[in-house]
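K.L.:
Input: one structure, supplied below.
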Amino acid sequence: MSVTVRVPAKVNVQLAVGAARPDGFHDLANVFLAVSLYDEITATPAADGLRVTCEGPDAGQVPLDRTNLAARAAEALAARYGRAPDVHLHIAKDIPVAGGMAGGSADGAGALLACDALWGTGASREELLEICAELGSDVPFSLVGGAALGTGRGERLAELEVGGDFHWVFALAARGLSTPAVFREFDRLGEGLDIPEPVADQAVLDALAKGDPAALAVAVSNDLQPAALSLFPELSDTLAAGRAAGALAALVSGSGPTAAFLATDAKSASDIAGVLRASGTCRDVRTASGAVPGATVLD
Ligand code: C5P
């Protein structure tokens with residue numbers, strides 16, 4: 001018997017970042033939107049110990065040791081319920097690795113839900129969300145999906161209303177960016193500046209609630225974008241290529257380096273994807289839409 005869980009990627013339609021806190025993290029106003037690029041995590045009982053395997057175009061870059069968030073999720077759940085984490089976790093990976101789309105977080109949330117179902121722990125939603133928050137700032141959102149405002153370091157979630165589908169094109173970069181490195185660059189660029197408290201932008205929330213891509217396009221923002229561009233200057237060519245191809249908005253997804261382009265509709269997204277593919281400014285191009293549900297057990 002095994003359990004498979006499907007988990008979506010995310011794009012941040014607003015990422016407001018405060019000054020570094022004493023613990024090194026940053027307070028955020030983080031508006032997450034779950035989009036239809038998915039990892040699938042399958043948990044199968046194992047005789048002795050925890051094993052992680054991975055397949056997919058980026059599989060070679062995925063750590064298979066105990067640093068993998070899927071492994072850490074299984075260990076955390078097993079420890080809480082006083083059992084051995086004897087499980088094989090297989091990740092079918094479609095979310096770009098180190099791309100700013102919460103791929104690692106998706107695997108953490110997916111493994112947690114899969115092991116919970118496999119072991120019949122009967123953990124409450126609140127308990128699962130607590131474990132997610134311990135695993136990483138973006139992991140609770142991977143469980144919840146839809147759209148949500150994350151505050152604190154991003155882990156305290158308030159679900160948001162979404163009034164229609166938003167169509168996106170994602171340009172995948174030739175290499176990844178490390179999230180801690182991007183936050184460190186944010187700190188370096190902001191040295192000596194007065195960094196305001198991060199607050200959610202009402203225009204972003206209204207555009208999501210209305211399902212209005214044109215309104216969302218003028219409201220999106222990402223405070224990590226200058227830091228990502230500073231570490232990955234070629235990304236500005238990718239963003240320019242998507243804008244020229246007719247995207248309503250072009251921005252870096254989270255800490256990057258995936259570039260996200262908001263399109264009017266599915267047809268426009270497919271057209272923009274075609275132009276980007278031919279532009280030579282990225283490794284691969286994907287289209288997706290959202291909001292979509294969070295981690296879901298498949299039959
Ligand atoms: O929470 P998570 O482990 O995903 O965060 C990865 C890294 O990103 C942290 O170690 C920290 O350097 C940075 N980070 C931050 N402020 C946040 C979230 C993440 O500085 N709110």
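Labels for the structure tokens follow display order: chains A, B, ..., residues from 1 in each chain, ligands from 1.
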May I have all residues of region 122-210 of chain A that DSSP, computed from the backbone, assigns to helix (DSSP H, G or I), given as a ChimeraX atom specification?

P.N.:
/A:125-135,139-144,179-189,202-210

K.L.:
Find the residues near ligand 1. Use a cut-off of 9 Å, count only C-alpha atoms and all ligand atoms, and write them as a ChimeraX atom specification.

P.N.:
/A:17-18,20-21,23-28,30,102,104-105,133-139,151-155,178-184,255

K.L.:
Could you write out the selected residues, including C-alpha atoms, as a PDB file, in the first residue's frame?

P.N.:
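Done, and the output landed in out.pdb:
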```pdb
ATOM      1  CA  VAL A  17      10.123  42.414   3.193  1.00  0.00           C
ATOM      2  CA  GLY A  18      11.009  44.167   6.461  1.00  0.00           C
ATOM      3  CA  ALA A  20      16.362  41.627   9.323  1.00  0.00           C
ATOM      4  CA  ARG A  21      15.138  40.547  12.773  1.00  0.00           C
ATOM      5  CA  ASP A  23      16.932  35.892  14.663  1.00  0.00           C
ATOM      6  CA  GLY A  24      18.099  36.623  11.093  1.00  0.00           C
ATOM      7  CA  PHE A  25      14.658  36.127   9.536  1.00  0.00           C
ATOM      8  CA  HIS A  26      12.667  38.983   7.997  1.00  0.00           C
ATOM      9  CA  ASP A  27       9.086  39.936   8.722  1.00  0.00           C
ATOM     10  CA  LEU A  28       7.049  39.624   5.556  1.00  0.00           C
ATOM     11  CA  ASN A  30       3.688  37.672   1.577  1.00  0.00           C
ATOM     12  CA  ALA A 102       8.457  26.667  -3.137  1.00  0.00           C
ATOM     13  CA  GLY A 104      11.238  22.107  -1.570  1.00  0.00           C
ATOM     14  CA  SER A 105       8.408  23.338   0.623  1.00  0.00           C
ATOM     15  CA  ALA A 133       5.881  26.014  10.126  1.00  0.00           C
ATOM     16  CA  GLU A 134       8.800  24.289  11.887  1.00  0.00           C
ATOM     17  CA  LEU A 135      10.019  22.897   8.542  1.00  0.00           C
ATOM     18  CA  GLY A 136      10.129  26.278   6.754  1.00  0.00           C
ATOM     19  CA  SER A 137       8.438  29.616   6.205  1.00  0.00           C
ATOM     20  CA  ASP A 138       6.675  28.605   2.959  1.00  0.00           C
ATOM     21  CA  VAL A 139       5.692  25.044   3.938  1.00  0.00           C
ATOM     22  CA  THR A 151       2.851  37.319   7.908  1.00  0.00           C
ATOM     23  CA  GLY A 152       5.526  36.818  10.546  1.00  0.00           C
ATOM     24  CA  ARG A 153       8.317  35.107   8.593  1.00  0.00           C
ATOM     25  CA  GLY A 154       5.584  34.085   6.149  1.00  0.00           C
ATOM     26  CA  GLU A 155       4.245  31.102   8.091  1.00  0.00           C
ATOM     27  CA  SER A 178      19.794  30.245  -2.762  1.00  0.00           C
ATOM     28  CA  THR A 179      17.011  31.871  -0.715  1.00  0.00           C
ATOM     29  CA  PRO A 180      19.322  32.770   2.217  1.00  0.00           C
ATOM     30  CA  ALA A 181      21.785  34.342  -0.254  1.00  0.00           C
ATOM     31  CA  VAL A 182      19.008  36.492  -1.750  1.00  0.00           C
ATOM     32  CA  PHE A 183      17.881  37.657   1.706  1.00  0.00           C
ATOM     33  CA  ARG A 184      21.537  38.456   2.568  1.00  0.00           C
ATOM     34  CA  SER A 255      13.609  34.802  -4.206  1.00  0.00           C
TER      35      SER A 255
END
```

K.L.:
Using CA of Ser230 (chain A) and CA of Gly176 (chain A) as the two end points, give the distance in Å to one decimal.

P.N.:
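Straight-line distance from CA of Ser230 (chain A) to CA of Gly176 (chain A) works out to 13.9 Å.
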
K.L.:
My list of candidates is A:Gly100, A:Arg156, A:Ala209, A:Asp65. Which is closest to Glu126 (chain A) when distances are computed with only C-alpha atoms?

P.N.:
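Checking each of A:Gly100, A:Arg156, A:Ala209, A:Asp65 against Glu126 (chain A), counting only C-alpha atoms, the winner is A:Arg156.
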
K.L.:
I'd like the contact shell of region 89-92 of chain A - 7 Å cut-off, only C-alpha atoms, skipping same-chain residues fewer than 2 positions apart - returned as number ranges by chain.

P.N.:
A: 39-44, 51-56, 87, 94

K.L.:
Export N, CA, C and O atoms of the chosen residues as a JSON list (two decimals), in the first residue's frame?

P.N.:
```
[["chain", "number", "residue", "atom", "x", "y", "z"],
["A", 39, "ASP", "N", 4.46, 18.92, -7.83],
["A", 39, "ASP", "CA", 5.27, 17.76, -7.46],
["A", 39, "ASP", "C", 4.30, 16.71, -6.91],
["A", 39, "ASP", "O", 3.28, 17.06, -6.32],
["A", 40, "GLU", "N", 4.65, 15.42, -7.11],
["A", 40, "GLU", "CA", 3.87, 14.34, -6.48],
["A", 40, "GLU", "C", 4.80, 13.55, -5.57],
["A", 40, "GLU", "O", 5.89, 13.13, -5.98],
["A", 41, "ILE", "N", 4.37, 13.35, -4.34],
["A", 41, "ILE", "CA", 5.18, 12.64, -3.35],
["A", 41, "ILE", "C", 4.45, 11.35, -2.99],
["A", 41, "ILE", "O", 3.28, 11.39, -2.57],
["A", 42, "THR", "N", 5.13, 10.22, -3.18],
["A", 42, "THR", "CA", 4.53, 8.93, -2.84],
["A", 42, "THR", "C", 5.26, 8.33, -1.65],
["A", 42, "THR", "O", 6.49, 8.22, -1.66],
["A", 43, "ALA", "N", 4.48, 7.99, -0.62],
["A", 43, "ALA", "CA", 5.04, 7.35, 0.59],
["A", 43, "ALA", "C", 4.66, 5.88, 0.57],
["A", 43, "ALA", "O", 3.49, 5.53, 0.43],
["A", 44, "THR", "N", 5.69, 5.01, 0.67],
["A", 44, "THR", "CA", 5.49, 3.56, 0.68],
["A", 44, "THR", "C", 6.17, 3.00, 1.93],
["A", 44, "THR", "O", 7.30, 3.41, 2.23],
["A", 51, "ARG", "N", 14.10, 6.49, 3.18],
["A", 51, "ARG", "CA", 14.82, 6.60, 1.92],
["A", 51, "ARG", "C", 14.07, 7.59, 1.04],
["A", 51, "ARG", "O", 12.84, 7.59, 1.00],
["A", 52, "VAL", "N", 14.83, 8.46, 0.33],
["A", 52, "VAL", "CA", 14.21, 9.43, -0.58],
["A", 52, "VAL", "C", 14.75, 9.19, -1.99],
["A", 52, "VAL", "O", 15.97, 9.05, -2.18],
["A", 53, "THR", "N", 13.86, 9.12, -2.97],
["A", 53, "THR", "CA", 14.27, 9.07, -4.37],
["A", 53, "THR", "C", 13.53, 10.17, -5.12],
["A", 53, "THR", "O", 12.52, 10.69, -4.63],
["A", 54, "CYS", "N", 14.05, 10.52, -6.30],
["A", 54, "CYS", "CA", 13.46, 11.63, -7.04],
["A", 54, "CYS", "C", 13.60, 11.40, -8.53],
["A", 54, "CYS", "O", 14.62, 10.90, -8.99],
["A", 55, "GLU", "N", 12.55, 11.73, -9.29],
["A", 55, "GLU", "CA", 12.62, 11.68, -10.74],
["A", 55, "GLU", "C", 12.14, 13.02, -11.30],
["A", 55, "GLU", "O", 11.40, 13.75, -10.65],
["A", 56, "GLY", "N", 12.56, 13.34, -12.52],
["A", 56, "GLY", "CA", 12.14, 14.59, -13.15],
["A", 56, "GLY", "C", 13.34, 15.31, -13.73],
["A", 56, "GLY", "O", 14.48, 14.94, -13.45],
["A", 87, "VAL", "N", 10.01, 4.57, 5.90],
["A", 87, "VAL", "CA", 9.19, 4.92, 4.73],
["A", 87, "VAL", "C", 10.10, 5.24, 3.54],
["A", 87, "VAL", "O", 11.20, 5.77, 3.69],
["A", 94, "ASP", "N", 8.25, 18.26, -10.71],
["A", 94, "ASP", "CA", 8.01, 19.11, -11.88],
["A", 94, "ASP", "C", 8.22, 20.59, -11.55],
["A", 94, "ASP", "O", 8.33, 21.41, -12.45]]
```

K.L.:
I'd like a table as a Markdown table: residues in region 189-245 of chain A with an atom no more than 8 Å from region 264-271 of chain A, each row giving the shortest atom pair and its distance in Å to one decimal, only C-alpha atoms counted, sorted by chain and rising residue number.

P.N.:
```
| residue | atom | partner | partner_atom | distance |
| --- | --- | --- | --- | --- |
| A:Pro213 | CA | A:Thr264 | CA | 6.2 |
| A:Ala214 | CA | A:Thr264 | CA | 7.3 |
| A:Ala245 | CA | A:Asp271 | CA | 7.9 |
```

K.L.:
Please, could you write that set of residues out with all heavy atoms as a CSV table (one decimal), in the first residue's frame?

P.N.:
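Result file is again20.csv:
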```
chain,number,residue,atom,x,y,z
A,213,PRO,N,-7.0,40.3,-13.8
A,213,PRO,CA,-5.6,40.3,-14.1
A,213,PRO,C,-5.0,41.6,-14.4
A,213,PRO,O,-3.8,41.9,-14.0
A,213,PRO,CB,-5.4,39.3,-15.3
A,213,PRO,CG,-6.8,39.1,-15.8
A,213,PRO,CD,-7.8,39.5,-14.8
A,214,ALA,N,-5.7,42.5,-15.1
A,214,ALA,CA,-5.2,43.8,-15.4
A,214,ALA,C,-4.9,44.6,-14.1
A,214,ALA,O,-3.9,45.3,-14.0
A,214,ALA,CB,-6.1,44.6,-16.3
A,245,ALA,N,6.8,40.4,-25.1
A,245,ALA,CA,5.9,39.4,-25.7
A,245,ALA,C,4.5,39.6,-25.4
A,245,ALA,O,3.6,38.9,-25.8
A,245,ALA,CB,6.4,38.0,-25.3
```

K.L.:
Which residue is closest to His88 (chain A)? Choose from A:Ser2, A:Val11, A:Phe32, A:Ala19 and count only C-alpha atoms.

P.N.:
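Checking each of A:Ser2, A:Val11, A:Phe32, A:Ala19 against His88 (chain A), counting only C-alpha atoms, the winner is A:Ser2.
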
K.L.:
Give me the residues near Gly49 (chain A) as number ranges by chain, where near means some atom within 8 Å (using only C-alpha atoms) and where sequence neighbours in that chain fewer than 5 positions away do not count.

P.N.:
A: 84-87

K.L.:
Using only C-alpha atoms, which protein or nucleic acid residues come within 12 Å of Val292 (chain A)? Drop anything in the same chain fewer than 3 positions from it, and give the result as a VMD selection string.

P.N.:
chain A and resid 6 to 11 32 to 38 141 to 148 162 164 to 167 288 to 289 295 to 296

K.L.:
Excluding Ala173 (chain A) and its own-chain neighbours fewer than 3 positions away, which residues fall within 8 Å of it when counting only C-alpha atoms? Please give them as a list in words.

P.N.:
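Once the adjacent positions are removed, what remains is Gly99, Gly176, Pro257, Thr258, Ala259, Cys282, Arg283 and Asp284 of chain A.
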